[in-house]
Every structure is written in structure tokens, then in C-alpha cells.
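Content type mmCIF, C-alpha atoms and all ligand atoms, from the file target.cif:
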data_my_file
loop_
_atom_site.label_atom_id
_atom_site.label_comp_id
_atom_site.auth_asym_id
_atom_site.auth_seq_id
_atom_site.Cartn_x
_atom_site.Cartn_y
_atom_site.Cartn_z
CA MET N 1 245.27 201.67 -100.24
CA THR N 2 247.44 199.78 -102.69
CA PRO N 3 250.92 199.27 -101.23
CA LEU N 4 253.82 200.95 -102.96
CA TYR N 5 255.83 197.73 -103.30
CA GLU N 6 254.95 194.07 -102.87
CA ILE N 7 257.56 191.37 -103.18
CA HIS N 8 256.91 187.64 -103.40
CA ASP N 9 259.52 184.87 -103.52
CA LEU N 10 262.17 187.22 -104.80
CA LYS N 11 265.63 185.76 -105.21
CA GLN N 12 268.74 187.58 -106.27
CA SER N 13 272.32 186.41 -106.21
CA TYR N 14 275.53 187.96 -107.43
CA GLY N 15 276.80 184.60 -108.61
CA ARG N 16 277.58 181.28 -107.09
CA GLY N 17 278.06 181.24 -103.35
CA THR N 18 277.20 184.90 -102.82
CA PRO N 19 273.79 185.25 -101.25
CA GLY N 20 272.05 188.46 -102.28
CA LEU N 21 268.38 188.44 -101.38
CA ASP N 22 265.87 185.71 -100.59
CA ILE N 23 262.58 187.38 -99.68
CA ALA N 24 259.45 185.28 -99.31
CA ASP N 25 257.04 188.19 -98.75
CA LEU N 26 257.53 191.87 -98.16
CA THR N 27 255.04 194.70 -98.41
CA ILE N 28 256.18 198.30 -98.20
CA GLU N 29 253.17 200.55 -97.73
CA GLY N 30 255.20 203.58 -98.68
CA SER N 31 253.49 206.23 -96.60
CA GLY N 32 256.00 208.40 -94.79
CA ILE N 33 259.45 207.02 -94.08
CA THR N 34 260.37 203.34 -94.20
CA GLY N 35 263.62 202.37 -92.51
CA LEU N 36 265.92 199.59 -93.66
CA VAL N 37 268.25 198.18 -91.05
CA GLY N 38 270.65 195.28 -90.91
CA PRO N 39 274.32 194.43 -90.47
CA ASN N 40 276.90 195.06 -93.19
CA GLY N 41 276.35 192.81 -96.18
CA SER N 42 272.78 191.93 -95.18
CA GLY N 43 271.37 193.13 -98.51
CA LYS N 44 270.12 196.67 -97.87
CA SER N 45 271.80 198.21 -100.92
CA THR N 46 270.77 195.26 -103.07
CA LEU N 47 267.14 195.70 -102.02
CA LEU N 48 267.26 199.45 -102.67
CA LYS N 49 268.69 198.86 -106.16
CA ILE N 50 265.90 196.41 -106.92
CA LEU N 51 263.28 198.86 -105.60
CA SER N 52 264.73 201.52 -107.86
CA PHE N 53 264.44 199.15 -110.85
CA LEU N 54 268.18 199.35 -111.48
CA LEU N 55 269.16 195.78 -110.62
CA PRO N 56 267.58 192.70 -112.19
CA TYR N 57 266.73 189.76 -109.95
CA ASP N 58 266.82 186.03 -110.68
CA ASP N 59 263.33 185.01 -109.71
CA GLY N 60 260.10 186.15 -108.07
CA THR N 61 257.62 189.00 -108.37
CA LEU N 62 257.92 192.70 -107.71
CA LEU N 63 254.71 194.72 -107.79
CA TYR N 64 254.86 198.50 -107.90
CA ARG N 65 251.61 200.19 -106.91
CA GLY N 66 249.70 196.99 -107.53
CA SER N 67 251.09 196.05 -110.97
CA PRO N 68 254.07 193.90 -111.95
CA ALA N 69 257.17 195.99 -112.52
CA ALA N 70 258.71 193.51 -114.96
CA GLY N 71 258.99 195.02 -118.42
CA ARG N 72 258.15 198.56 -117.24
CA GLU N 73 261.44 199.30 -115.49
CA SER N 74 262.61 202.18 -117.64
CA ALA N 75 259.27 204.02 -117.32
CA LEU N 76 259.15 203.38 -113.57
CA ARG N 77 262.66 204.73 -113.08
CA ARG N 78 261.19 208.17 -113.72
CA GLU N 79 259.10 207.92 -110.55
CA VAL N 80 261.84 206.60 -108.32
CA THR N 81 265.18 208.12 -107.46
CA TYR N 82 268.12 206.61 -105.63
CA LEU N 83 270.79 208.43 -103.65
CA LEU N 84 274.01 206.54 -103.00
CA GLN N 85 276.18 206.71 -99.92
CA ASP N 86 278.97 208.46 -101.86
CA SER N 87 277.60 210.62 -104.60
CA TYR N 88 279.71 212.16 -107.27
CA LEU N 89 278.91 215.21 -109.33
CA LEU N 90 279.43 215.95 -112.99
CA SER N 91 282.40 218.23 -113.73
CA ARG N 92 280.33 221.40 -113.94
CA SER N 93 278.61 223.94 -111.70
CA VAL N 94 276.12 223.10 -108.98
CA TYR N 95 273.37 224.69 -111.08
CA GLU N 96 274.25 222.62 -114.13
CA ASN N 97 274.46 219.45 -112.07
CA ILE N 98 270.88 219.88 -110.90
CA ALA N 99 269.56 221.15 -114.23
CA PHE N 100 271.12 218.23 -116.09
CA GLY N 101 268.56 215.60 -115.05
CA LEU N 102 265.70 218.02 -115.67
CA ARG N 103 266.90 218.77 -119.19
CA LEU N 104 267.17 215.05 -119.90
CA ARG N 105 263.44 214.79 -119.26
CA GLY N 106 263.02 216.88 -122.36
CA ASN N 107 259.68 218.47 -121.51
CA ILE N 108 260.59 220.99 -118.83
CA GLY N 109 261.00 224.63 -119.86
CA ALA N 110 263.98 226.83 -118.92
CA SER N 111 262.15 228.95 -116.34
CA GLU N 112 260.66 225.86 -114.71
CA ILE N 113 264.16 224.35 -114.56
CA ASP N 114 265.51 227.54 -113.01
CA GLY N 115 262.79 227.54 -110.36
CA ARG N 116 263.27 223.88 -109.52
CA VAL N 117 267.06 224.19 -109.22
CA LYS N 118 266.75 227.04 -106.73
CA GLU N 119 263.94 225.46 -104.79
CA SER N 120 265.70 222.14 -104.42
CA LEU N 121 268.95 223.78 -103.31
CA ALA N 122 267.02 225.63 -100.61
CA ARG N 123 265.42 222.38 -99.50
CA VAL N 124 268.81 220.89 -98.67
CA GLY N 125 269.92 224.02 -96.85
CA LEU N 126 272.13 225.48 -99.61
CA ASP N 127 271.55 229.14 -100.44
CA PRO N 128 271.06 229.24 -104.25
CA LYS N 129 272.66 232.71 -104.45
CA LYS N 130 275.83 231.37 -102.88
CA PHE N 131 275.95 227.85 -104.28
CA ALA N 132 274.32 227.76 -107.72
CA SER N 133 277.42 229.06 -109.51
CA ARG N 134 279.98 227.07 -107.48
CA GLN N 135 281.97 224.47 -109.36
CA TRP N 136 281.86 220.81 -108.33
CA TYR N 137 285.38 221.02 -106.86
CA GLN N 138 284.49 223.96 -104.64
CA LEU N 139 282.32 221.93 -102.29
CA SER N 140 282.87 219.96 -99.11
CA GLY N 141 281.92 216.26 -99.02
CA GLY N 142 278.72 217.07 -97.16
CA GLU N 143 277.80 219.77 -99.69
CA VAL N 144 278.43 217.36 -102.58
CA GLN N 145 275.98 214.92 -101.02
CA ARG N 146 273.40 217.68 -100.52
CA VAL N 147 273.74 218.86 -104.12
CA ALA N 148 273.28 215.25 -105.23
CA LEU N 149 270.14 215.06 -103.13
CA ALA N 150 268.91 218.41 -104.50
CA ALA N 151 269.38 217.06 -108.04
CA ARG N 152 267.08 214.16 -107.16
CA LEU N 153 264.48 216.30 -105.39
CA ALA N 154 264.32 218.59 -108.44
CA LEU N 155 263.00 215.62 -110.42
CA ARG N 156 259.98 215.53 -108.06
CA PRO N 157 260.10 211.77 -107.55
CA ARG N 158 257.28 209.76 -106.06
CA VAL N 159 259.78 207.55 -104.24
CA LEU N 160 263.10 208.62 -102.73
CA LEU N 161 265.50 205.80 -101.91
CA LEU N 162 268.40 206.73 -99.66
CA ASP N 163 271.34 204.40 -99.19
CA GLU N 164 273.17 205.47 -96.05
CA PRO N 165 273.11 209.07 -97.23
CA THR N 166 274.87 210.42 -94.16
CA ALA N 167 277.60 207.81 -93.75
CA ASN N 168 280.43 210.04 -94.95
CA VAL N 169 279.25 213.57 -94.32
CA ASP N 170 279.71 216.11 -91.53
CA GLU N 171 277.16 216.33 -88.74
CA ARG N 172 275.46 219.47 -90.03
CA SER N 173 275.04 218.03 -93.54
CA ALA N 174 273.71 214.80 -92.05
CA GLN N 175 271.08 216.73 -90.15
CA LEU N 176 270.08 218.76 -93.22
CA ILE N 177 269.84 215.63 -95.39
CA MET N 178 267.62 213.93 -92.85
CA GLU N 179 265.48 217.06 -92.46
CA ALA N 180 265.08 217.27 -96.23
CA ALA N 181 263.98 213.62 -96.31
CA VAL N 182 261.39 214.24 -93.61
CA MET N 183 260.09 217.31 -95.45
CA GLU N 184 259.75 215.31 -98.67
CA ALA N 185 257.69 212.69 -96.87
CA LYS N 186 255.56 215.07 -94.83
CA ASP N 187 255.03 218.07 -97.07
CA HIS N 188 255.30 216.56 -100.52
CA GLY N 189 253.88 213.07 -99.95
CA VAL N 190 257.03 211.38 -101.25
CA ALA N 191 257.61 207.81 -100.06
CA VAL N 192 261.07 207.76 -98.49
CA ILE N 193 262.90 204.47 -97.99
CA ALA N 194 266.14 204.91 -96.11
CA ALA N 195 268.92 202.52 -95.16
CA THR N 196 270.91 204.13 -92.41
CA HIS N 197 273.00 203.24 -89.40
CA ASP N 198 271.57 206.30 -87.67
CA LEU N 199 269.10 204.22 -85.71
CA ALA N 200 268.04 207.04 -83.43
CA TRP N 201 266.88 209.08 -86.44
CA LEU N 202 265.38 206.06 -88.11
CA TYR N 203 263.29 205.01 -85.17
CA GLU N 204 262.25 208.58 -84.50
CA MET N 205 261.04 209.17 -88.04
CA SER N 206 260.03 205.84 -89.57
CA SER N 207 256.49 204.64 -89.82
CA GLU N 208 257.79 201.15 -90.57
CA VAL N 209 261.15 199.45 -90.22
CA VAL N 210 262.31 196.51 -92.34
CA SER N 211 265.17 194.45 -90.91
CA LEU N 212 267.47 192.49 -93.17
CA TYR N 213 269.69 189.62 -92.18
CA ARG N 214 271.68 187.63 -94.75
CA GLY N 215 269.30 188.64 -97.51
CA ARG N 216 266.15 187.71 -95.59
CA VAL N 217 263.69 190.22 -94.21
CA ALA N 218 261.73 190.61 -91.03
CA VAL N 219 259.29 193.49 -90.96
CA GLY N 220 258.94 195.29 -87.66
CA ALA N 221 261.73 193.32 -86.02
CA GLU N 222 263.73 195.83 -84.04
CA ASN N 223 265.64 193.02 -82.34
CA ILE N 224 267.64 190.39 -84.19
CA PHE N 225 269.46 187.80 -82.11
CA GLN N 226 272.05 186.37 -84.45
CA GLY N 227 274.56 183.61 -83.83
CA GLY N 228 275.29 181.84 -80.56
CA TRP N 229 272.17 179.66 -80.54
CA THR N 230 272.40 176.13 -79.20
CA ILE N 231 269.77 173.43 -78.92
CA ALA N 232 269.35 171.43 -75.73
CA GLU N 233 266.42 169.63 -74.14
CA GLY N 234 264.15 170.45 -77.05
CA ARG N 235 264.70 174.22 -76.77
CA ALA N 236 266.87 176.69 -78.62
CA ALA N 237 268.86 178.84 -76.22
CA ARG N 238 271.01 181.91 -76.64
CA LEU N 239 273.27 182.95 -73.82
CA PHE N 240 273.96 186.63 -73.15
CA PRO N 241 277.16 187.95 -71.59
CA GLY N 242 276.56 188.00 -67.83
CA GLY N 243 274.86 184.63 -67.82
CA GLN N 244 271.30 185.49 -68.83
CA ALA N 245 269.66 183.50 -71.63
CA ILE N 246 266.62 183.56 -73.87
CA PHE N 247 264.76 180.52 -75.14
CA THR N 248 262.41 179.55 -77.91
CA ALA N 249 261.27 176.52 -79.88
CA PRO N 250 263.93 175.27 -82.33
CA PRO N 251 263.44 176.05 -86.02
CA LEU N 252 261.32 173.55 -87.93
CA SER N 253 264.21 172.90 -90.30
CA GLY N 254 267.88 173.78 -90.46
CA GLU N 255 270.24 175.13 -87.85
CA PRO N 256 269.19 178.07 -85.65
CA SER N 257 271.08 181.15 -86.85
CA ALA N 258 269.08 184.32 -86.24
CA ALA N 259 265.77 185.05 -84.56
CA ALA N 260 263.76 188.26 -84.84
CA LEU N 261 261.68 189.92 -82.14
CA GLY N 262 259.42 192.92 -82.57
CA ALA N 263 259.80 195.74 -80.04
CA GLN N 264 256.04 195.74 -79.54
CA ASP N 265 256.26 192.14 -78.29
CA VAL N 266 258.56 193.09 -75.42
CA ARG N 267 256.90 194.14 -72.14
CA ILE N 268 258.79 196.38 -69.77
CA LEU N 269 258.35 195.68 -66.07
CA THR N 270 259.84 197.69 -63.25
CA SER N 271 260.13 194.69 -60.91
CA ARG N 272 260.91 191.04 -61.56
CA PRO N 273 257.70 189.24 -62.50
CA ALA N 274 256.55 185.94 -61.04
CA GLU N 275 257.75 183.01 -63.13
CA GLU N 276 255.55 182.19 -66.09
CA GLU N 277 255.66 179.28 -68.51
CA ARG N 278 257.42 179.96 -71.81
CA VAL N 279 258.14 183.61 -71.13
CA ASN N 280 261.66 185.03 -71.30
CA VAL N 281 262.57 187.56 -68.62
CA ILE N 282 265.77 189.55 -69.02
CA CYS N 283 267.16 192.09 -66.60
CA ALA N 284 268.48 195.16 -68.46
CA ARG N 285 269.37 198.79 -67.97
CA ILE N 286 267.74 201.52 -70.04
CA VAL N 287 270.28 203.27 -72.26
CA HIS N 288 268.06 205.56 -74.27
CA MET N 289 264.50 206.36 -75.08
CA THR N 290 263.39 207.57 -78.50
CA LEU N 291 260.10 209.27 -79.15
CA GLU N 292 258.80 207.59 -82.30
CA ARG N 293 256.97 210.56 -83.72
CA ALA N 294 255.44 208.71 -86.65
CA LEU N 295 254.01 206.02 -84.38
CA SER N 296 253.27 208.12 -81.26
CA SER N 297 255.18 205.67 -79.12
CA VAL N 298 258.42 205.47 -77.19
CA LEU N 299 261.16 203.04 -78.19
CA VAL N 300 263.15 202.01 -75.14
CA SER N 301 266.64 200.56 -75.72
CA ALA N 302 267.98 198.62 -72.79
CA ASP N 303 271.36 196.96 -72.34
CA ALA N 304 271.28 193.34 -71.23
CA GLY N 305 274.96 192.69 -70.51
CA GLY N 306 276.29 194.17 -73.75
CA PHE N 307 273.28 193.23 -75.87
CA MET N 308 270.74 195.91 -76.71
CA ILE N 309 267.07 194.96 -76.61
CA ARG N 310 264.38 197.33 -77.84
CA ALA N 311 260.87 197.54 -76.46
CA ARG N 312 258.00 199.76 -77.56
CA VAL N 313 255.68 201.54 -75.16
CA PRO N 314 252.62 203.48 -76.32
CA GLY N 315 253.35 207.22 -75.97
CA GLY N 316 250.55 207.95 -73.52
CA ALA N 317 251.18 204.95 -71.24
CA ALA N 318 251.59 205.72 -67.54
CA LEU N 319 254.66 203.46 -67.59
CA CYS N 320 256.55 206.07 -69.64
CA ARG N 321 256.68 208.33 -66.59
CA GLU N 322 258.50 205.67 -64.62
CA LEU N 323 261.18 205.03 -67.23
CA TYR N 324 264.43 206.94 -67.63
CA PRO N 325 267.95 206.16 -68.86
CA SER N 326 270.05 204.15 -66.35
CA ARG N 327 266.96 202.61 -64.70
CA GLU N 328 267.03 198.84 -64.28
CA VAL N 329 264.02 197.08 -65.81
CA PHE N 330 262.86 193.58 -66.67
CA LEU N 331 262.01 192.76 -70.25
CA ALA N 332 259.51 189.97 -70.78
CA PHE N 333 258.51 188.29 -74.04
CA GLN N 334 256.89 185.03 -74.98
CA TYR N 335 259.05 182.23 -76.38
CA ALA N 336 256.68 182.25 -79.36
CA ALA N 337 257.34 185.93 -80.07
CA LEU N 338 260.77 185.00 -81.46
CA ARG N 339 260.65 184.18 -85.18
CA TRP N 340 263.44 182.37 -87.03
CA LEU N 341 264.89 184.14 -90.04
N1 LIG I 1 278.28 193.80 -107.22
C1 LIG I 1 278.38 192.77 -106.39
N2 LIG I 1 278.98 191.62 -106.78
C2 LIG I 1 279.05 190.56 -105.94
N3 LIG I 1 278.57 190.54 -104.71
C3 LIG I 1 277.97 191.65 -104.25
C4 LIG I 1 277.85 192.84 -105.05
N4 LIG I 1 277.21 193.78 -104.33
C5 LIG I 1 276.95 193.23 -103.13
N5 LIG I 1 277.39 191.96 -103.07
C6 LIG I 1 277.24 191.02 -101.94
O1 LIG I 1 275.85 190.87 -101.67
C7 LIG I 1 275.61 190.86 -100.27
C8 LIG I 1 274.68 192.02 -99.87
O2 LIG I 1 275.36 193.25 -100.11
P1 LIG I 1 274.69 194.68 -99.90
O3 LIG I 1 275.66 195.71 -100.38
O4 LIG I 1 273.35 194.66 -100.50
O5 LIG I 1 274.56 194.74 -98.30
P2 LIG I 1 274.31 196.00 -97.35
O6 LIG I 1 273.39 195.52 -96.28
O7 LIG I 1 273.89 197.19 -98.13
O8 LIG I 1 275.75 196.23 -96.73
P3 LIG I 1 276.45 197.59 -96.17
O9 LIG I 1 275.71 197.95 -94.91
O10 LIG I 1 277.84 197.13 -95.88
O11 LIG I 1 276.36 198.62 -97.25
C9 LIG I 1 276.97 190.92 -99.61
O12 LIG I 1 277.38 189.60 -99.34
C10 LIG I 1 277.85 191.55 -100.67
O13 LIG I 1 279.19 191.14 -100.52
#
Translate the structure of the given file into C-alpha cells.
Ligand SMILES: Nc1ncnc2c1ncn2[C@@H]1O[C@H](COP(=O)(O)OP(=O)(O)OP(=O)(O)O)[C@@H](O)[C@H]1O
Amino acid sequence: MTPLYEIHDLKQSYGRGTPGLDIADLTIEGSGITGLVGPNGSGKSTLLKILSFLLPYDDGTLLYRGSPAAGRESALRREVTYLLQDSYLLSRSVYENIAFGLRLRGNIGASEIDGRVKESLARVGLDPKKFASRQWYQLSGGEVQRVALAARLALRPRVLLLDEPTANVDERSAQLIMEAAVMEAKDHGVAVIAATHDLAWLYEMSSEVVSLYRGRVAVGAENIFQGGWTIAEGRAARLFPGGQAIFTAPPLSGEPSAAALGAQDVRILTSRPAEEERVNVICARIVHMTLERALSSVLVSADAGGFMIRARVPGGAALCRELYPSREVFLAFQYAALRWL
């Protein structure tokens, strides 16, 4: 199947000295939910704005469903919708806020608009009878965000881009927003791309996770070891609190700054393995285990002296029965499994 987005050599900067994005290659298949993770300022919002065809970039190629997006942005914006972290509503009723975007489309009749407004309110857990006539100032912060989401769902987008949609809302609203996103992906075939700090939700629901670090991407890298690398005796080493260290080959060029490691490349062992050449072994304690529903696997997060390392275990594996939070385990991964960003 043609991927939803393909990016090649894309560069974006907000001006001199401010790195935005520098992505050599990135493919987003766009089936189900794609998670975007990364520290503050790593470029998640910038990438989402580019994927929603709102922000121009300096160089490179962006393909949308197999064809270059350049020059077609305004048409493509109809297929893609973007929800910000802090949404604001127009100074009018909830009903009118949702109907507004539909009317702008120009070809949707009044009864169709009415149906879509009510349906989309219900999808975000707001009873249309109670909420449709409310004014914008009669809503809590969480309700504002849900109305903003309903307004986007009413447009029946092909792609729903969520930029930390639950960062500033109450717990119940957060849950309803996430449930609505899952329903869009599962029941309506919408491609959902979500940047969120709610990693538990993200790993539970995502079929793919894209990690960003200083504007660069690593697909499927649940672990990013940033900073603290030193080079000695031909190896790059990063010390963990507590005295443990991991090693890998130094980068081919430049200083070592951040290395990525996929959770699937980390083996979990219940006893210390015999020493092997060029394999890192880290003693850690399991903190939590997430059932990755989309992948039918279990993501195990283990604390190695204040540093969390994630490892993936196939859902049916016998090992799963031996693992539980607080258990001490050994995490093993090849030196070569670490990739420089
Ligand atoms: N409008 C702007 N003008 C100048 N620099 C910007 C602008 N927007 C973002 N940046 C810079 O670009 C980089 C990436 O920012 P971006 O908002 O994409 O990161 P993010 O991963 O979404 O961060 P956060 O998790 O804090 O929302 C940062 O260095 C940021 O300071």
C-alpha cells in the first residue's frame, strides 16, 4: 500500500541558529495511530505543521499518498486536520463553532450539517442536547478542547494530527479525547498522528512510534540515550547513575550526542548472562508493563539507576509470565543495535 507520507532530505529552520527539522528519510504508513515522541523543542509540532501542509519548509520532498505535496497544499488541507494543544473557540455557541467549518466547505446541506454536529459532539462524549446551545464561555478547558476536536471530526478528515491534545485538560477529558482518537482510527479508518507525553497511552495504542531528537528522527526508537557520551579506547561510552555503562562504536563523523535503540532490539533475561563480545548488559528493575494492543506485544519499561530502558516482548512469549513490576532483570543488546542520531 502507498504510504500516507514520505519525507526525503527535508530541512526546515526558523531562521539562523534555530534548528527546526533535518529529516533524511521518514515514511509514515498511516494505518491506525502513529505516535510522535521526543523532548521539548525536538520538533514534534514543527513536523505536525508540515504534515498538515500549514508550514513551508526550506528544502526536500514531501510526498502525500505517493505524490508530491508541493503546489497542492491548499487542496490537501481539506483532507488533513490539526488539533493544537490549546484550542480556542469562536465567540459563538458550541453548535455554531462546529457548523462553521462545515459551512465554509460550501457544499454541505443544512440537515447534513445538523447531523454531523450532533454526531461529532457525541463522539467526544458531549451530549448534544446539553452542549449544542452552550456558549463558548460556558465550557471548562477540557470541554473547549473536546468541542475543538468535534469541530475537526465533523469535517471527516482522512488524517487527524493531534499536538499534545491532552496537555492542559482534566483527566476525564483526556481519556475521552484519546478514546475519540482511537475510534477515528479503528472505526472510521482515519490516520491519526499524535504527539503526546502520555507515553503509556501512546505505546498502548500506536502501531508505529516516531522519535524526534533535535529535529532528527528515528523510527521505532523507544530508547534515546542523549548526552553524556565519551569516547575512550576506540569506543563510545555512556555512564548511567549507579556505575553501569553502555558502549557502542563511535559515530563516523562528529561528536557523539544521542543514540537510538529500538525496544525490539533489547532482550530481557531473568539472570545475568555469560559475557559476550560487543553486547551491553544492564541490570534494571521493571517499573511498568504496557500491553501494546496494536502490535500484540508487551512493552516493558525498566529502571536502570534512574534511566528508563524499554524492551519489547511478543505478547504470547512464555517470558511474559515471569515478568512483573519490581522484578530485577538484565537487559541485553548488541553494541551495533545503537544508532547515532
Ligand atoms: N515560530 C517559531 N519561531 C522560531 N523558532 C521556533 C518556532 N517554533 C518552534 N521553534 C523552535 O524550533 C524547535 C522545534 O520546536 P517544536 O515546537 O517543533 O518542538 P516540540 O518538540 O513540539 O516541543 P514541545 O514538546 O515543547 O511542544 C525549537 O528549538 C523551537 O524553539
message: At a cut-off of 7 Å and counting all atoms listed in the file, what residues surround ligand LIG 1 (chain I)? Please answer as JSON, numbers by chain.
response: {"N": [14, 15, 18, 19, 20, 38, 39, 40, 41, 42, 43, 44, 45, 46, 47, 215]}
May I have the residues from that selection written out with C-alpha atoms, as an mmCIF file, in the coordinates of the input?
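Listing of again-v3.cif after writing:
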data_model
loop_
_atom_site.group_PDB
_atom_site.id
_atom_site.type_symbol
_atom_site.label_atom_id
_atom_site.label_comp_id
_atom_site.auth_asym_id
_atom_site.auth_seq_id
_atom_site.Cartn_x
_atom_site.Cartn_y
_atom_site.Cartn_z
ATOM 1 C CA TYR N 14 275.530 187.960 -107.430
ATOM 2 C CA GLY N 15 276.800 184.600 -108.610
ATOM 3 C CA THR N 18 277.200 184.900 -102.820
ATOM 4 C CA PRO N 19 273.790 185.250 -101.250
ATOM 5 C CA GLY N 20 272.050 188.460 -102.280
ATOM 6 C CA GLY N 38 270.650 195.280 -90.910
ATOM 7 C CA PRO N 39 274.320 194.430 -90.470
ATOM 8 C CA ASN N 40 276.900 195.060 -93.190
ATOM 9 C CA GLY N 41 276.350 192.810 -96.180
ATOM 10 C CA SER N 42 272.780 191.930 -95.180
ATOM 11 C CA GLY N 43 271.370 193.130 -98.510
ATOM 12 C CA LYS N 44 270.120 196.670 -97.870
ATOM 13 C CA SER N 45 271.800 198.210 -100.920
ATOM 14 C CA THR N 46 270.770 195.260 -103.070
ATOM 15 C CA LEU N 47 267.140 195.700 -102.020
ATOM 16 C CA GLY N 215 269.300 188.640 -97.510
#
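Closest approach to N:Ala332 among N:Ala236, N:Val266, N:Cys320, N:Ala180 is made by N:Val266 (distances from only C-alpha atoms).
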message: Can you pull out the residues contacting stretch 95-101 of chain N? Cut-off 8 Å, using all atoms listed in the file, and skip same-chain residues under 2 positions away; I want them as a ChimeraX atom specification.
response: /N:89-90,92-93,103-105,113-114,117,131-134,147-148,150-152,154-155
Using all atoms listed in the file, what table do you get, as a tab-separated table, when you list each residue of stretch 108-222 of chain N with an atom no more than 12 Å from stretch 289-299 of chain N, its nearest pair of atoms, and their distance in Å rounded to one decimal, rows by chain then rising number?
residue	atom	partner	partner_atom	distance
N:Val182	CA	N:Ala294	CA	10.7
N:Ala185	CA	N:Ala294	CA	11.2
N:Lys186	CA	N:Ala294	CA	10.4
N:Leu199	CA	N:Thr290	CA	9.8
N:Ala200	CA	N:Thr290	CA	6.8
N:Trp201	CA	N:Thr290	CA	8.8
N:Leu202	CA	N:Glu292	CA	8.9
N:Tyr203	CA	N:Glu292	CA	5.9
N:Glu204	CA	N:Glu292	CA	4.2
N:Met205	CA	N:Ala294	CA	5.8
N:Ser206	CA	N:Ala294	CA	6.2
N:Ser207	CA	N:Ala294	CA	5.3
N:Glu208	CA	N:Leu295	CA	8.7
N:Val209	CA	N:Leu295	CA	11.3
N:Glu222	CA	N:Leu299	CA	9.6
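Nearest residue to N:Tyr88 among N:Val281, N:Val300, N:Ala218, N:Leu139 is N:Leu139, counting all atoms listed in the file.
Proximity ranking of N:Leu55, N:Ala167, N:Val217, N:Val192 relative to N:Asp25 places N:Val217 first, based on only C-alpha atoms.
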